[in-house]
Structure formats: structure tokens, C-alpha cells
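Participant: Pasting in a structure now, in C-alpha cells, and then I'll have a few things to ask.
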Amino acid sequence: RKAIVLSKYIFCMAIYAICCIVFELETLFMPGLGTSDIKLFAFMFLIVSVFIGIYLPIQYKFGYEKTKFAFGVIIMASPFILPLFMRAGSLNLNFLSMFSPYLVYGGIVLIGFAILAISASLSIKIYDKADLA
């Protein structure tokens with residue numbers, strides 16, 4: 001069961017890595033898309049880690065059928081809801097400019113990996129207790 005849970009996390013991260021590579025290739029061939037840098041990939045890794053870190057344990061707890069509708073609505077509504085959150089909440093992150101950019105982005109990536117590790121261990125515990133009969 002542990003291998004099944006970990007394979008789902010590895011699959012999600014492989015999809016993220018492939019999307020990053022494809023986006024990098026697109027920006028090389030189509031300069032109108034802008035440029036990509038480590039900052040973009042680090043922040044997106046954190047966002048993907050938070051989403052997967054919440055979604056997968058809930059899916060293992062309640063099952064795919066019960067969670068697919070709720071998270072489908074969240075995914076469909078996110079392009080409309082996220083800009084509202086971005087406008088309403090103005091976080092002051094100016095103190096981060098005191099640190100090296102590599103330290104900040106490395107910390108963001110480490111936080112993402114920590115979220116995934118905690119989520120994976122929680123999912124393993126939930127799935128070990130699940131009755132598959």
C-alpha cells in the first residue's frame with residue numbers, strides 16, 4: 001500500500017516536471033510568452049505541493065467518488081476566485097529582499113517538499129487503515 005501511495009505522489013511531481021520542461025521549451029520558441037526563471041517554477045512548485053498535499057489525503061480518506069465533485073468545483077472556480085484573493089490580500093514580503101534570492105527560492109522548494117512528505121506520510125497512514133473489501 002505504501003508503494004501505491006508514493007507512486008501517486010511521484011506521478012504528480014513527474015507531471016509537474018514535464019509541464020515545466022514543456023513551458024520552458026515553449027518560451028524558447030515563442031518569445032511572446034515571456035521568460036521563465038527559477039522564481040516562477042519555485043512558486044508554482046509550492047502551489048502544486050499545497051494542492052496535492054491537501055487533495056490526496058482527503059481522497060484517500062473519503063474516496064475518489066466523494067471528492068471528485070468538490071475538487072472539480074474548486075478547480076473550475078479557481079481562475080475566478082484566485083484573482084479576488086490576490087487583490088484583497090496584500091502580503092508585505094519586502095523583508096525577503098534582505099536574503100539571497102537563491103536562499104529564498106531554495107526555502108520555498110524545501111517547504112514544498114516538506115508539505116509533500118507530511119502529506120505522503122499522512123496518506124500512507126490513512127490508506128493502511130482503509131478497508132479495501
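Labels for the C-alpha cells follow display order: chains A, B, ..., residues from 1 in each chain, ligands from 1.
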Excluding same-chain residues fewer than 3 positions from range 66-81 of chain A, what lies within 12 Å of it counting only C-alpha atoms, as a VMD selection string?
Facilitator: chain A and resid 51 to 52 54 to 63 84 to 88
Participant: Find the spatial neighbours of Ala120 in chain A, counting only C-alpha atoms, within a cut-off of 10 Å - ignore same-chain residues fewer than 6 positions away - and output them as a JSON list (two decimals) with N, CA and C atoms, in the first residue's frame.
Facilitator:
[["chain", "number", "residue", "atom", "x", "y", "z"],
["A", 2, "LYS", "N", 1.98, 1.19, 0.70],
["A", 2, "LYS", "CA", 2.87, 2.34, 0.76],
["A", 2, "LYS", "C", 3.37, 2.71, -0.64],
["A", 5, "VAL", "N", 0.68, 4.55, -2.68],
["A", 5, "VAL", "CA", 0.53, 5.96, -2.29],
["A", 5, "VAL", "C", 1.71, 6.78, -2.81],
["A", 6, "LEU", "N", 2.92, 6.29, -2.59],
["A", 6, "LEU", "CA", 4.09, 7.04, -3.04],
["A", 6, "LEU", "C", 4.15, 7.18, -4.55],
["A", 8, "LYS", "N", 1.65, 7.59, -6.52],
["A", 8, "LYS", "CA", 0.74, 8.67, -6.92],
["A", 8, "LYS", "C", 1.40, 10.03, -6.72],
["A", 9, "TYR", "N", 2.14, 10.20, -5.63],
["A", 9, "TYR", "CA", 2.86, 11.45, -5.38],
["A", 9, "TYR", "C", 3.97, 11.64, -6.42],
["A", 52, "ILE", "N", -1.73, 19.34, -3.89],
["A", 52, "ILE", "CA", -1.62, 17.88, -3.82],
["A", 52, "ILE", "C", -1.57, 17.43, -2.36],
["A", 53, "GLY", "N", -0.91, 18.21, -1.52],
["A", 53, "GLY", "CA", -0.80, 17.87, -0.11],
["A", 53, "GLY", "C", -2.13, 17.89, 0.61],
["A", 56, "LEU", "N", -4.73, 14.77, -1.93],
["A", 56, "LEU", "CA", -4.53, 13.33, -1.87],
["A", 56, "LEU", "C", -4.90, 12.70, -0.53],
["A", 57, "PRO", "N", -4.54, 13.28, 0.62],
["A", 57, "PRO", "CA", -5.01, 12.66, 1.87],
["A", 57, "PRO", "C", -6.54, 12.65, 1.99],
["A", 114, "ALA", "N", 8.60, 19.54, 2.09],
["A", 114, "ALA", "CA", 8.14, 19.20, 3.44],
["A", 114, "ALA", "C", 6.63, 18.95, 3.44],
["A", 126, "ILE", "N", -3.47, 6.78, 6.44],
["A", 126, "ILE", "CA", -4.90, 6.68, 6.13],
["A", 126, "ILE", "C", -5.17, 5.44, 5.28]]
